[in-house]
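Visitor: What follows is the file upload_31.cif, containing mmCIF, C-alpha atoms and all ligand atoms:
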data_run
#
loop_
_atom_site.label_atom_id
_atom_site.label_comp_id
_atom_site.auth_asym_id
_atom_site.auth_seq_id
_atom_site.Cartn_x
_atom_site.Cartn_y
_atom_site.Cartn_z
CA MET A 18 62.63 0.95 21.49
CA THR A 19 59.57 -0.54 19.80
CA GLN A 20 56.33 1.32 20.29
CA ALA A 21 53.54 -0.38 22.23
CA SER A 22 50.58 -1.54 20.13
CA VAL A 23 47.16 0.06 20.69
CA ASP A 24 46.11 -3.05 22.61
CA GLU A 25 49.16 -2.90 24.90
CA ARG A 26 48.67 0.83 25.47
CA ILE A 27 45.02 0.42 26.37
CA LYS A 28 45.96 -2.26 28.90
CA LEU A 29 48.74 -0.11 30.40
CA ILE A 30 46.44 2.92 30.66
CA SER A 31 43.63 0.87 32.20
CA ALA A 32 46.05 -0.60 34.76
CA GLY A 33 47.23 2.91 35.67
CA ASN A 34 50.71 2.24 34.27
CA ALA A 35 50.70 4.76 31.41
CA THR A 36 49.42 8.25 30.71
CA GLY A 37 46.67 8.98 28.18
CA SER A 38 43.06 7.89 28.02
CA THR A 39 40.86 5.46 26.16
CA CYS A 40 37.26 6.13 25.18
CA ASP A 41 36.10 3.10 27.17
CA PRO A 42 38.10 1.15 29.79
CA GLY A 43 36.12 -1.96 28.79
CA LEU A 44 38.42 -2.15 25.73
CA ALA A 45 41.06 -3.69 28.00
CA LYS A 46 38.87 -6.80 28.47
CA GLY A 47 38.81 -9.78 26.12
CA PRO A 48 36.23 -9.27 23.31
CA TRP A 49 34.60 -12.62 24.24
CA GLU A 50 33.17 -10.87 27.30
CA PHE A 51 30.84 -8.98 24.95
CA ASP A 52 30.07 -11.65 22.37
CA SER A 53 26.75 -12.84 23.68
CA GLY A 54 23.81 -11.12 25.21
CA THR A 55 24.97 -7.51 25.09
CA PRO A 56 22.86 -5.30 22.82
CA GLY A 57 25.43 -3.06 21.14
CA TYR A 58 28.79 -3.15 19.50
CA GLY A 59 30.75 -3.39 22.76
CA PRO A 60 33.15 -1.00 24.41
CA GLY A 61 34.19 2.00 22.38
CA ALA A 62 31.11 2.08 20.14
CA SER A 63 29.00 5.22 20.26
CA LEU A 64 25.77 5.03 22.22
CA GLY A 65 23.78 5.29 19.02
CA ASP A 66 25.31 2.10 17.59
CA VAL A 67 22.75 -0.65 18.01
CA ILE A 68 23.17 -4.08 16.43
CA PRO A 69 20.11 -4.74 14.23
CA VAL A 70 17.95 -7.74 15.03
CA GLY A 71 19.14 -10.69 12.96
CA SER A 72 22.81 -9.67 12.82
CA PRO A 73 25.17 -12.59 13.33
CA ARG A 74 26.24 -13.21 16.93
CA GLN A 75 29.44 -14.88 17.95
CA GLY A 76 28.93 -18.09 19.91
CA SER A 77 31.26 -18.92 22.75
CA LEU A 78 34.98 -19.14 22.15
CA PRO A 79 36.57 -22.22 23.78
CA ASP A 80 38.21 -21.29 27.10
CA GLU A 81 41.70 -22.35 26.03
CA TYR A 82 41.79 -19.41 23.58
CA LYS A 83 40.63 -16.94 26.24
CA THR A 84 43.18 -17.94 28.84
CA ALA A 85 46.25 -18.44 26.60
CA SER A 86 48.86 -15.67 26.66
CA VAL A 87 49.20 -13.57 23.52
CA ASP A 88 52.65 -15.13 22.96
CA GLU A 89 51.14 -18.62 23.09
CA LEU A 90 48.39 -17.57 20.68
CA HIS A 91 50.97 -16.16 18.25
CA ALA A 92 52.88 -19.45 18.33
CA ARG A 93 49.69 -21.45 17.71
CA ILE A 94 48.63 -19.18 14.84
CA ARG A 95 52.05 -19.52 13.21
CA ALA A 96 52.02 -23.29 13.62
CA ALA A 97 48.51 -23.62 12.15
CA LYS A 98 49.42 -21.38 9.22
CA GLN A 99 52.50 -23.43 8.52
CA THR A 100 50.50 -26.64 8.53
CA LEU A 101 47.83 -25.18 6.24
CA GLY A 102 50.33 -23.59 3.83
CA GLU A 103 48.67 -22.39 0.60
CA ARG A 104 45.34 -23.84 1.73
CA VAL A 105 44.66 -20.63 3.68
CA VAL A 106 45.13 -16.93 2.98
CA ILE A 107 44.73 -14.36 5.74
CA LEU A 108 43.54 -10.88 4.76
CA GLY A 109 43.83 -7.98 7.22
CA HIS A 110 42.37 -4.48 7.08
CA PHE A 111 44.60 -1.55 8.07
CA TYR A 112 42.38 -0.96 11.14
CA GLN A 113 43.13 -4.34 12.66
CA ARG A 114 45.23 -4.48 15.81
CA ASP A 115 48.97 -5.16 15.38
CA GLU A 116 48.52 -8.53 17.09
CA ILE A 117 46.46 -9.59 14.05
CA VAL A 118 48.24 -7.64 11.32
CA GLN A 119 51.50 -9.54 11.93
CA HIS A 120 49.77 -12.73 10.73
CA ALA A 121 48.11 -11.26 7.62
CA ASP A 122 49.34 -12.39 4.20
CA TYR A 123 47.82 -9.22 2.74
CA LEU A 124 47.19 -5.94 4.53
CA GLY A 125 45.11 -3.33 2.77
CA ASP A 126 42.09 -1.08 2.46
CA SER A 127 38.70 -2.47 1.54
CA PHE A 128 39.30 -2.11 -2.21
CA GLN A 129 42.69 -3.85 -2.10
CA LEU A 130 41.33 -6.66 0.06
CA ALA A 131 38.38 -7.22 -2.29
CA ASN A 132 40.92 -7.68 -5.09
CA ALA A 133 43.07 -9.94 -2.91
CA ALA A 134 40.05 -12.15 -2.16
CA LYS A 135 39.50 -12.55 -5.89
CA ALA A 136 43.14 -13.25 -6.64
CA HIS A 137 43.71 -16.38 -4.54
CA PRO A 138 41.80 -19.30 -6.02
CA GLU A 139 44.46 -21.69 -4.67
CA ALA A 140 43.34 -21.08 -1.06
CA GLU A 141 40.45 -23.21 0.09
CA ALA A 142 39.86 -20.81 3.00
CA ILE A 143 40.08 -17.02 3.14
CA VAL A 144 40.28 -15.81 6.73
CA PHE A 145 39.10 -12.21 6.69
CA CYS A 146 40.40 -10.11 9.57
CA GLY A 147 38.12 -7.16 9.03
CA VAL A 148 34.38 -6.64 9.38
CA HIS A 149 31.30 -8.48 8.18
CA PHE A 150 30.60 -6.56 4.94
CA MET A 151 34.20 -7.13 3.83
CA ALA A 152 33.88 -10.88 4.40
CA GLU A 153 30.60 -10.91 2.45
CA THR A 154 32.33 -9.16 -0.44
CA ALA A 155 35.16 -11.69 -0.31
CA ASP A 156 32.62 -14.52 -0.47
CA ILE A 157 30.95 -12.94 -3.52
CA LEU A 158 34.22 -12.40 -5.37
CA SER A 159 35.96 -15.66 -4.46
CA GLY A 160 35.31 -19.05 -6.01
CA ALA A 161 32.54 -21.50 -5.09
CA HIS A 162 35.20 -23.93 -3.82
CA GLN A 163 36.43 -21.39 -1.24
CA SER A 164 35.15 -20.64 2.26
CA VAL A 165 35.38 -17.16 3.74
CA ILE A 166 35.80 -17.04 7.50
CA LEU A 167 35.23 -14.05 9.80
CA PRO A 168 37.10 -14.91 13.03
CA ASN A 169 34.57 -13.12 15.26
CA LEU A 170 31.01 -12.84 13.94
CA ALA A 171 30.42 -9.82 16.19
CA ALA A 172 32.71 -7.78 13.93
CA GLY A 173 29.97 -5.83 12.16
CA CYS A 174 29.94 -2.19 11.07
CA SER A 175 27.47 0.28 12.55
CA MET A 176 27.63 2.46 9.45
CA ALA A 177 26.70 -0.46 7.19
CA ASP A 178 23.72 -1.16 9.48
CA MET A 179 22.41 2.38 8.99
CA ALA A 180 21.04 1.47 5.57
CA ASP A 181 18.88 -1.66 5.60
CA ALA A 182 17.51 -3.15 2.41
CA ASP A 183 13.84 -2.44 3.25
CA SER A 184 14.45 1.26 3.91
CA VAL A 185 16.47 1.64 0.72
CA GLU A 186 13.75 -0.16 -1.32
CA ALA A 187 11.13 2.18 0.21
CA CYS A 188 13.24 5.21 -0.70
CA TRP A 189 13.71 3.89 -4.24
CA GLU A 190 9.96 3.42 -4.72
CA GLN A 191 9.33 7.03 -3.72
CA LEU A 192 12.05 8.27 -6.06
CA MET A 193 10.72 6.20 -8.98
CA ALA A 194 7.23 7.56 -8.34
CA LEU A 195 8.60 11.10 -8.36
CA TYR A 196 11.02 10.90 -11.31
CA GLY A 197 9.38 8.18 -13.38
CA GLU A 198 11.40 5.18 -14.55
CA ASP A 199 12.21 6.35 -18.08
CA ALA A 200 15.57 7.67 -19.21
CA VAL A 201 15.75 11.32 -20.29
CA ASP A 202 18.40 12.27 -22.91
CA GLY A 203 19.75 8.72 -22.60
CA LYS A 204 20.27 9.00 -18.85
CA GLN A 205 18.43 7.21 -16.06
CA PRO A 206 16.69 9.50 -13.54
CA VAL A 207 18.81 8.18 -10.67
CA ILE A 208 21.70 5.71 -10.24
CA PRO A 209 22.12 3.94 -6.88
CA VAL A 210 25.67 3.94 -5.53
CA THR A 211 26.51 2.00 -2.39
CA TYR A 212 29.67 2.40 -0.37
CA MET A 213 31.49 -0.91 0.08
CA ASN A 214 30.52 -0.54 3.76
CA SER A 215 27.04 -1.98 3.22
CA SER A 216 25.32 -5.36 3.27
CA ALA A 217 25.47 -7.75 0.32
CA ALA A 218 21.71 -7.16 -0.05
CA LEU A 219 22.34 -3.50 -0.86
CA LYS A 220 25.10 -4.32 -3.30
CA ALA A 221 22.62 -6.67 -4.97
CA PHE A 222 20.04 -3.87 -5.05
CA CYS A 223 22.56 -1.73 -6.93
CA GLY A 224 23.36 -4.57 -9.31
CA ARG A 225 19.66 -4.99 -10.16
CA ASN A 226 19.00 -1.28 -10.61
CA GLY A 227 21.86 -0.13 -12.86
CA GLY A 228 24.01 0.87 -9.90
CA ILE A 229 27.51 0.32 -8.63
CA VAL A 230 29.66 -0.05 -5.50
CA CYS A 231 32.42 2.37 -4.46
CA THR A 232 35.13 2.43 -1.83
CA SER A 233 36.80 5.46 -0.31
CA SER A 234 39.69 5.00 -2.76
CA ASN A 235 37.58 5.20 -5.93
CA ALA A 236 34.47 7.19 -4.97
CA ALA A 237 35.17 10.02 -7.45
CA ILE A 238 35.75 7.58 -10.34
CA VAL A 239 32.54 5.76 -9.44
CA LEU A 240 30.47 8.96 -9.18
CA GLN A 241 31.78 9.96 -12.60
CA TRP A 242 30.70 6.54 -13.91
CA ALA A 243 27.27 7.12 -12.42
CA PHE A 244 26.87 10.62 -13.88
CA GLU A 245 27.72 9.27 -17.34
CA ARG A 246 24.63 7.07 -17.00
CA GLY A 247 22.25 9.03 -14.81
CA GLN A 248 20.99 12.49 -14.02
CA ARG A 249 21.54 12.06 -10.30
CA VAL A 250 22.82 9.61 -7.72
CA LEU A 251 21.33 8.02 -4.62
CA PHE A 252 24.37 7.48 -2.37
CA PHE A 253 24.30 5.26 0.73
CA PRO A 254 25.04 4.64 3.57
CA ASP A 255 27.78 7.24 4.29
CA GLN A 256 26.55 10.79 3.85
CA HIS A 257 30.06 12.17 4.52
CA LEU A 258 31.90 10.20 1.85
CA GLY A 259 29.12 11.10 -0.61
CA ARG A 260 29.12 14.79 0.27
CA ASN A 261 32.91 15.20 0.41
CA THR A 262 33.42 13.41 -2.90
CA ALA A 263 30.65 15.21 -4.77
CA LYS A 264 31.73 18.59 -3.40
CA ALA A 265 35.29 17.98 -4.62
CA MET A 266 33.78 17.29 -8.07
CA GLY A 267 32.19 20.75 -8.06
CA ILE A 268 28.64 19.81 -7.05
CA SER A 269 26.98 22.36 -4.79
CA VAL A 270 25.97 21.15 -1.30
CA ASP A 271 22.56 22.71 -2.04
CA GLN A 272 22.10 19.95 -4.60
CA MET A 273 22.78 17.19 -2.05
CA PRO A 274 19.66 16.72 0.06
CA LEU A 275 19.81 14.32 2.99
CA TRP A 276 17.39 11.38 2.90
CA GLN A 277 15.98 10.71 6.37
CA GLY A 278 14.45 7.26 6.17
CA ARG A 279 11.34 7.61 8.30
CA LYS A 280 10.00 10.81 6.70
CA ALA A 281 8.00 11.09 3.48
CA LEU A 282 10.35 11.92 0.59
CA GLY A 283 13.12 11.55 3.16
CA GLY A 284 12.12 14.90 4.68
CA ASN A 285 12.61 16.79 1.38
CA THR A 286 10.31 18.69 -0.95
CA GLU A 287 9.65 17.45 -4.48
CA GLN A 288 11.50 20.49 -5.81
CA GLN A 289 14.60 19.72 -3.71
CA LEU A 290 14.63 16.18 -5.08
CA HIS A 291 14.15 17.39 -8.67
CA ASP A 292 17.07 19.80 -8.24
CA ALA A 293 19.24 17.16 -6.52
CA LYS A 294 22.45 15.83 -8.04
CA VAL A 295 23.32 13.52 -5.12
CA ILE A 296 20.74 12.29 -2.61
CA LEU A 297 22.66 11.37 0.54
CA TRP A 298 21.59 8.62 2.93
CA ASN A 299 21.72 9.66 6.55
CA GLY A 300 24.53 7.30 7.66
CA PHE A 301 27.93 7.94 9.20
CA CYS A 302 30.94 6.22 10.77
CA SER A 303 31.12 6.63 14.54
CA VAL A 304 34.92 6.39 14.44
CA HIS A 305 35.40 9.22 11.93
CA LYS A 306 32.67 11.34 13.52
CA ARG A 307 35.04 11.85 16.46
CA PHE A 308 37.32 14.16 14.46
CA THR A 309 36.69 17.89 14.77
CA VAL A 310 37.84 21.21 13.32
CA ASP A 311 39.01 22.21 16.83
CA GLN A 312 41.44 19.26 16.86
CA ILE A 313 42.86 20.45 13.52
CA GLU A 314 43.21 24.03 14.78
CA LYS A 315 45.02 22.78 17.88
CA ALA A 316 47.38 20.65 15.78
CA ARG A 317 48.22 23.71 13.66
CA VAL A 318 48.99 25.76 16.79
CA ASP A 319 51.05 23.01 18.42
CA TYR A 320 52.92 22.08 15.22
CA PRO A 321 53.19 24.97 12.73
CA GLY A 322 53.59 23.47 9.25
CA VAL A 323 51.83 20.21 10.22
CA ARG A 324 50.31 18.25 7.30
CA VAL A 325 46.75 17.30 8.23
CA ILE A 326 45.31 14.29 6.34
CA VAL A 327 41.86 12.89 7.13
CA HIS A 328 39.70 10.08 5.81
CA PRO A 329 36.70 11.17 3.67
CA GLU A 330 34.32 9.50 6.15
CA CYS A 331 34.97 12.58 8.34
CA PRO A 332 32.32 15.32 8.33
CA MET A 333 32.68 17.99 5.61
CA PRO A 334 33.93 20.84 7.88
CA VAL A 335 36.76 18.53 9.05
CA VAL A 336 37.68 17.56 5.48
CA ASP A 337 37.55 21.23 4.47
CA ALA A 338 39.86 22.22 7.35
CA ALA A 339 42.38 19.45 6.55
CA ASP A 340 45.16 19.79 3.96
CA GLU A 341 44.24 16.54 2.24
CA ASN A 342 41.76 13.72 2.48
CA GLY A 343 41.90 10.20 1.17
CA SER A 344 41.33 6.53 1.82
CA THR A 345 43.43 4.56 4.24
CA ASP A 346 45.80 3.55 1.46
CA TYR A 347 46.05 7.17 0.30
CA ILE A 348 47.13 8.13 3.84
CA ARG A 349 49.66 5.30 3.94
CA ARG A 350 51.16 6.32 0.60
CA ALA A 351 51.25 10.04 1.47
CA ILE A 352 53.43 9.25 4.48
CA GLU A 353 55.57 6.72 2.63
CA ASN A 354 56.25 9.23 -0.16
CA ALA A 355 57.25 12.10 2.15
CA HIS A 356 61.04 12.27 1.83
CA GLU A 357 61.72 15.17 4.21
CA PRO A 358 61.05 14.56 7.93
CA SER A 359 57.56 15.99 8.46
CA VAL A 360 54.81 16.28 11.03
CA PHE A 361 51.52 14.53 10.15
CA ALA A 362 48.24 14.84 12.03
CA ILE A 363 45.95 12.05 10.87
CA GLY A 364 42.20 11.68 11.10
CA THR A 365 41.54 7.97 10.87
CA GLU A 366 41.43 4.84 13.02
CA ILE A 367 44.04 4.71 15.78
CA ASN A 368 45.56 1.28 15.04
CA MET A 369 46.54 2.42 11.59
CA VAL A 370 47.87 5.78 12.78
CA GLN A 371 50.01 4.25 15.52
CA ARG A 372 51.36 1.63 13.13
CA LEU A 373 52.38 4.33 10.65
CA ALA A 374 54.04 6.26 13.49
CA ALA A 375 56.01 3.15 14.51
CA GLN A 376 57.01 2.38 10.90
CA HIS A 377 58.16 5.94 10.22
CA PRO A 378 60.30 7.19 13.10
CA GLU A 379 61.75 9.80 10.70
CA HIS A 380 58.39 11.63 10.88
CA THR A 381 56.25 12.84 13.75
CA ILE A 382 52.85 11.18 13.21
CA PHE A 383 49.91 11.47 15.58
CA CYS A 384 46.17 10.99 15.62
CA LEU A 385 44.07 14.17 15.68
CA ASP A 386 41.97 12.70 18.49
CA PRO A 387 44.18 12.27 21.59
CA VAL A 388 41.79 9.70 23.09
CA ILE A 389 42.64 6.11 22.13
CA CYS A 390 39.44 4.79 20.61
CA PRO A 391 39.75 1.98 18.05
CA CYS A 392 36.93 0.93 15.76
CA SER A 393 35.07 -1.20 18.30
CA THR A 394 34.06 -3.87 15.80
CA MET A 395 37.43 -4.20 14.04
CA TYR A 396 38.80 -4.62 17.57
CA ARG A 397 36.58 -7.64 18.18
CA ILE A 398 39.06 -9.67 16.12
CA HIS A 399 41.56 -10.84 18.73
CA PRO A 400 44.38 -13.41 18.25
CA GLY A 401 42.30 -15.87 20.32
CA TYR A 402 39.66 -16.06 17.55
CA LEU A 403 42.27 -16.22 14.81
CA ALA A 404 44.01 -19.14 16.55
CA TRP A 405 40.64 -20.88 17.02
CA VAL A 406 39.45 -20.62 13.37
CA LEU A 407 42.87 -21.70 12.05
CA GLU A 408 43.18 -24.67 14.40
CA ARG A 409 39.64 -25.75 13.45
CA LEU A 410 40.72 -25.61 9.79
CA VAL A 411 43.71 -27.81 10.58
CA ALA A 412 41.24 -30.24 12.19
CA GLY A 413 39.15 -30.17 8.99
CA GLU A 414 36.32 -27.99 10.28
CA VAL A 415 35.21 -24.61 8.88
CA VAL A 416 33.79 -22.37 11.62
CA ASN A 417 32.36 -18.84 11.31
CA GLN A 418 31.83 -19.14 7.57
CA ILE A 419 30.22 -16.15 5.85
CA VAL A 420 27.91 -17.28 3.06
CA VAL A 421 25.99 -14.95 0.76
CA ASP A 422 23.08 -16.74 -0.94
CA ASP A 423 23.46 -17.33 -4.69
CA ALA A 424 20.76 -14.90 -5.88
CA THR A 425 22.09 -12.04 -3.75
CA ALA A 426 25.69 -12.86 -4.66
CA SER A 427 24.97 -12.88 -8.36
CA ASP A 428 23.30 -9.42 -8.35
CA ALA A 429 25.87 -7.98 -5.95
CA LYS A 430 28.67 -9.26 -8.17
CA VAL A 431 27.30 -7.21 -11.07
CA ALA A 432 27.66 -4.00 -9.01
CA LEU A 433 31.09 -5.03 -7.69
CA GLU A 434 32.40 -5.95 -11.15
CA ARG A 435 31.22 -2.55 -12.45
CA MET A 436 33.31 -0.95 -9.71
CA LEU A 437 36.38 -3.08 -10.45
CA ALA A 438 36.08 -2.20 -14.16
CA ALA A 439 35.46 1.57 -13.64
CA LYS A 440 38.57 3.39 -14.82
CA PRO A 441 40.05 6.71 -13.64
CA LEU A 442 39.16 9.62 -15.95
P1 LIG A 501 38.88 2.08 3.43
O1 LIG A 501 39.48 0.79 3.76
O2 LIG A 501 38.16 2.04 2.14
O3 LIG A 501 39.80 3.24 3.52
O4 LIG A 501 37.69 2.35 4.48
C1 LIG A 501 37.88 2.64 5.79
C2 LIG A 501 36.85 2.02 6.61
O5 LIG A 501 36.15 2.63 7.36
C3 LIG A 501 36.68 0.59 6.51
O6 LIG A 501 35.65 0.23 7.31
FE1 LIG A 502 32.44 0.71 10.08
FE2 LIG A 502 33.64 3.03 10.73
FE3 LIG A 502 34.52 0.76 11.79
FE4 LIG A 502 34.92 1.25 9.20
S1 LIG A 502 35.80 2.38 10.90
S2 LIG A 502 34.21 -0.66 10.10
S3 LIG A 502 33.03 2.39 8.69
S4 LIG A 502 32.49 1.69 12.10
#
For the structure just supplied, provide its representation as structure tokens.

Guide:
Amino acid sequence: MTQASVDERIKLISAGNATGSTCDPGLAKGPWEFDSGTPGYGPGASLGDVIPVGSPRQGSLPDEYKTASVDELHARIRAAKQTLGERVVILGHFYQRDEIVQHADYLGDSFQLANAAKAHPEAEAIVFCGVHFMAETADILSGAHQSVILPNLAAGCSMADMADADSVEACWEQLMALYGEDAVDGKQPVIPVTYMNSSAALKAFCGRNGGIVCTSSNAAIVLQWAFERGQRVLFFPDQHLGRNTAKAMGISVDQMPLWQGRKALGGNTEQQLHDAKVILWNGFCSVHKRFTVDQIEKARVDYPGVRVIVHPECPMPVVDAADENGSTDYIRRAIENAHEPSVFAIGTEINMVQRLAAQHPEHTIFCLDPVICPCSTMYRIHPGYLAWVLERLVAGEVVNQIVVDDATASDAKVALERMLAAKPL
């Protein structure tokens, strides 16, 4: 029997036809019900997630795409793709719902999808089924003749929003005033490193200031790159990825002060900043914040011998309590490479975990958090939007295009190309 997708399960639970719970029953509604007017990232987002003023908003989706059955939408998507042929390439992140993933030409983590966007100059349109910062990156790395389309403009990322360009510039000014701008022993006082999960403006900031981009699959390689060129690192927006990666490299947590944007010197003393090796921005992912040490302890009691793997966006105590941590593709490969039937407890987004469980019936695979709570913004991409953007392309119209201005794109590309060229040690 095939396993129900996350979307199907949420609908069954909400209708009272299945056991289990979802973090927000509003997830069972169509995402278009939250596209306009609602301040927030929609059902399932944490209360602290507020869309910044100026973020793109999705306009209305034509009714025919809201009322069509999922089967009809699948048929329309397939037909549009067939008509477009090589003119379109569809990229899908691992956290997308199964109803989208089945139409993706490439499925991957943010690093793999950045490479995929670069590798398809034949496609005049790249439809990015992921979130806004990923589509921006695809626009920067793809050719000028290509359009990048985000099927639902409300698919942002609350973590990326936690570091805005003005706050990072203000932090940088304070650090330059404290450290001075001159290199010591051939090394810059501080190298800015931005997680891929950030705006194009911040990637451009890194490009202009000798910095680099990282993803969860290459954060250690990138930090090594940065320490070859600088005495310390300013890491944003995800404090957890920064802390977990630096700790694994042997850096003491005492040398990783947290920068709290509104306070002078980020709430630190001058001495703490002089002693710092990694200055961590105060951002986090509300999906990975849900995982706890208690969940891991329970999994170990319920399933002695369980292999616990979590994403490095989880808080440090969770990563420390797990057996392994790694990017989404690391998790996928760990399961694929396990030859003996095993039990895996996974700490990452539910769509990916359930898909792995369905693909690997030889293993027992479950999510550490028993509550079904997808990434609320990844979940805003529904087959209705995919059918709409593809059918508009067939009609010769590009809708929901993501465009990064030339000056920003050129600086951001410098930081992205440094990342793509950074080699493992
Ligand atoms: P990766 O795709 O780099 O594993 O990141 C996970 C994530 O949170 C994407 O938003
Ligand atoms: Fe952003 Fe977290 Fe969702 Fe990734 S999983 S898009 S980091 S909110």

Visitor: Report as a PyMOL selection string which protein, DNA and RNA residues come within 6 Å of ligand LIG 502 (chain A), using only C-alpha atoms and all ligand atoms.

Guide: chain A and resi 174-176+302-304+392

Visitor: Write a file of the selected residues as a PDB file, keeping the file's coordinate frame, keeping C-alpha atoms.

Guide:
ATOM      1  CA  CYS A 174      29.940  -2.190  11.070  1.00  0.00           C
ATOM      2  CA  SER A 175      27.470   0.280  12.550  1.00  0.00           C
ATOM      3  CA  MET A 176      27.630   2.460   9.450  1.00  0.00           C
ATOM      4  CA  CYS A 302      30.940   6.220  10.770  1.00  0.00           C
ATOM      5  CA  SER A 303      31.120   6.630  14.540  1.00  0.00           C
ATOM      6  CA  VAL A 304      34.920   6.390  14.440  1.00  0.00           C
ATOM      7  CA  CYS A 392      36.930   0.930  15.760  1.00  0.00           C
TER       8      CYS A 392
END

Visitor: Hey, which bits of chain A sit within 9 Å of ligand LIG 501 (chain A), and for each residue what's the closest pair of atoms and how far apart in Å (one decimal), counting all atoms listed in the file, rows by chain and increasing number, as CSV?

Guide:
residue,atom,partner,partner_atom,distance
A:His110,CA,A:LIG501,O1,6.9
A:Phe111,CA,A:LIG501,O1,7.1
A:Tyr112,CA,A:LIG501,C3,7.5
A:Gly125,CA,A:LIG501,O1,7.0
A:Asp126,CA,A:LIG501,O1,3.5
A:Ser127,CA,A:LIG501,O1,4.0
A:Phe128,CA,A:LIG501,O2,6.1
A:Gln129,CA,A:LIG501,O1,8.1
A:Leu130,CA,A:LIG501,O1,8.5
A:Gly147,CA,A:LIG501,O6,8.0
A:Val148,CA,A:LIG501,O6,7.3
A:Phe150,CA,A:LIG501,O6,8.8
A:Met151,CA,A:LIG501,O6,8.3
A:Cys174,CA,A:LIG501,O6,7.3
A:Met176,CA,A:LIG501,O6,8.6
A:Ala177,CA,A:LIG501,O6,9.0
A:Tyr212,CA,A:LIG501,O2,8.9
A:Met213,CA,A:LIG501,O2,7.6
A:Asn214,CA,A:LIG501,O6,6.3
A:Cys231,CA,A:LIG501,O2,8.8
A:Thr232,CA,A:LIG501,O2,5.0
A:Ser233,CA,A:LIG501,O2,4.4
A:Ser234,CA,A:LIG501,O2,5.9
A:Asn235,CA,A:LIG501,O2,8.7
A:Cys302,CA,A:LIG501,O5,7.2
A:Val304,CA,A:LIG501,O5,8.1
A:His305,CA,A:LIG501,O5,8.1
A:His328,CA,A:LIG501,O3,7.2
A:Pro329,CA,A:LIG501,O3,8.5
A:Glu330,CA,A:LIG501,O5,7.2
A:Gly343,CA,A:LIG501,O3,7.6
A:Ser344,CA,A:LIG501,O3,4.0
A:Thr345,CA,A:LIG501,O3,3.9
A:Asp346,CA,A:LIG501,O3,6.4
A:Tyr347,CA,A:LIG501,O3,8.1
A:Ile348,CA,A:LIG501,O3,8.8
A:Thr365,CA,A:LIG501,C1,8.2
A:Glu366,CA,A:LIG501,O5,8.0
A:Cys392,CA,A:LIG501,O6,8.6
A:Met395,CA,A:LIG501,O6,8.3

Visitor: Produce a file of the selected residues containing C-alpha atoms, as a CSV table (one decimal), in the coordinates of the input.

Guide:
chain,number,residue,atom,x,y,z
A,110,HIS,CA,42.4,-4.5,7.1
A,111,PHE,CA,44.6,-1.6,8.1
A,112,TYR,CA,42.4,-1.0,11.1
A,125,GLY,CA,45.1,-3.3,2.8
A,126,ASP,CA,42.1,-1.1,2.5
A,127,SER,CA,38.7,-2.5,1.5
A,128,PHE,CA,39.3,-2.1,-2.2
A,129,GLN,CA,42.7,-3.8,-2.1
A,130,LEU,CA,41.3,-6.7,0.1
A,147,GLY,CA,38.1,-7.2,9.0
A,148,VAL,CA,34.4,-6.6,9.4
A,150,PHE,CA,30.6,-6.6,4.9
A,151,MET,CA,34.2,-7.1,3.8
A,174,CYS,CA,29.9,-2.2,11.1
A,176,MET,CA,27.6,2.5,9.4
A,177,ALA,CA,26.7,-0.5,7.2
A,212,TYR,CA,29.7,2.4,-0.4
A,213,MET,CA,31.5,-0.9,0.1
A,214,ASN,CA,30.5,-0.5,3.8
A,231,CYS,CA,32.4,2.4,-4.5
A,232,THR,CA,35.1,2.4,-1.8
A,233,SER,CA,36.8,5.5,-0.3
A,234,SER,CA,39.7,5.0,-2.8
A,235,ASN,CA,37.6,5.2,-5.9
A,302,CYS,CA,30.9,6.2,10.8
A,304,VAL,CA,34.9,6.4,14.4
A,305,HIS,CA,35.4,9.2,11.9
A,328,HIS,CA,39.7,10.1,5.8
A,329,PRO,CA,36.7,11.2,3.7
A,330,GLU,CA,34.3,9.5,6.2
A,343,GLY,CA,41.9,10.2,1.2
A,344,SER,CA,41.3,6.5,1.8
A,345,THR,CA,43.4,4.6,4.2
A,346,ASP,CA,45.8,3.6,1.5
A,347,TYR,CA,46.0,7.2,0.3
A,348,ILE,CA,47.1,8.1,3.8
A,365,THR,CA,41.5,8.0,10.9
A,366,GLU,CA,41.4,4.8,13.0
A,392,CYS,CA,36.9,0.9,15.8
A,395,MET,CA,37.4,-4.2,14.0

Visitor: Show which residues sit within 9 Å of region 237-242 of chain A, as a list in words. Count all atoms listed in the file, and ignore same-chain residues fewer than 4 positions away.

Guide: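 Near neighbours after the sequence-gap exclusion: Val210, Ile229, Val230, Cys231, Thr232, Ser233, Arg246, Gly247, Val250, Gly259, Thr262, Ala263, Ala265, Met266, Arg435, Met436, Ala439, Lys440, Pro441 and Leu442 of chain A.
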
Visitor: Enter the distance from CA of Val336 (chain A) to CA of Ser216 (chain A), in Å, rounded to one decimal.

Guide: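 Interatomic distance here is 26.1 Å.
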
Visitor: Tell me which protein, DNA and RNA residues are within 12 Å of Ala133 (chain A), counting only C-alpha atoms, leaving out same-chain ones fewer than 5 positions away, and put them as a list in words.

Guide: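 Counting only C-alpha atoms, the residues come to Val106, Ile107, Leu108, Gly109, His110, Ala121, Asp122, Tyr123, Leu124, Gly125, Asp126, Ser127, Phe128, Pro138, Glu139, Ala140, Ile143, Val144, Phe145, Met151, Ala152, Thr154, Ala155, Asp156, Leu158 and Ser159 of chain A.
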
Visitor: Closest to Arg350 (chain A) among A:Ile326, A:Ala172, A:Met179, A:Ala438, using only C-alpha atoms?

Guide: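 Closest candidate: A:Ile326.
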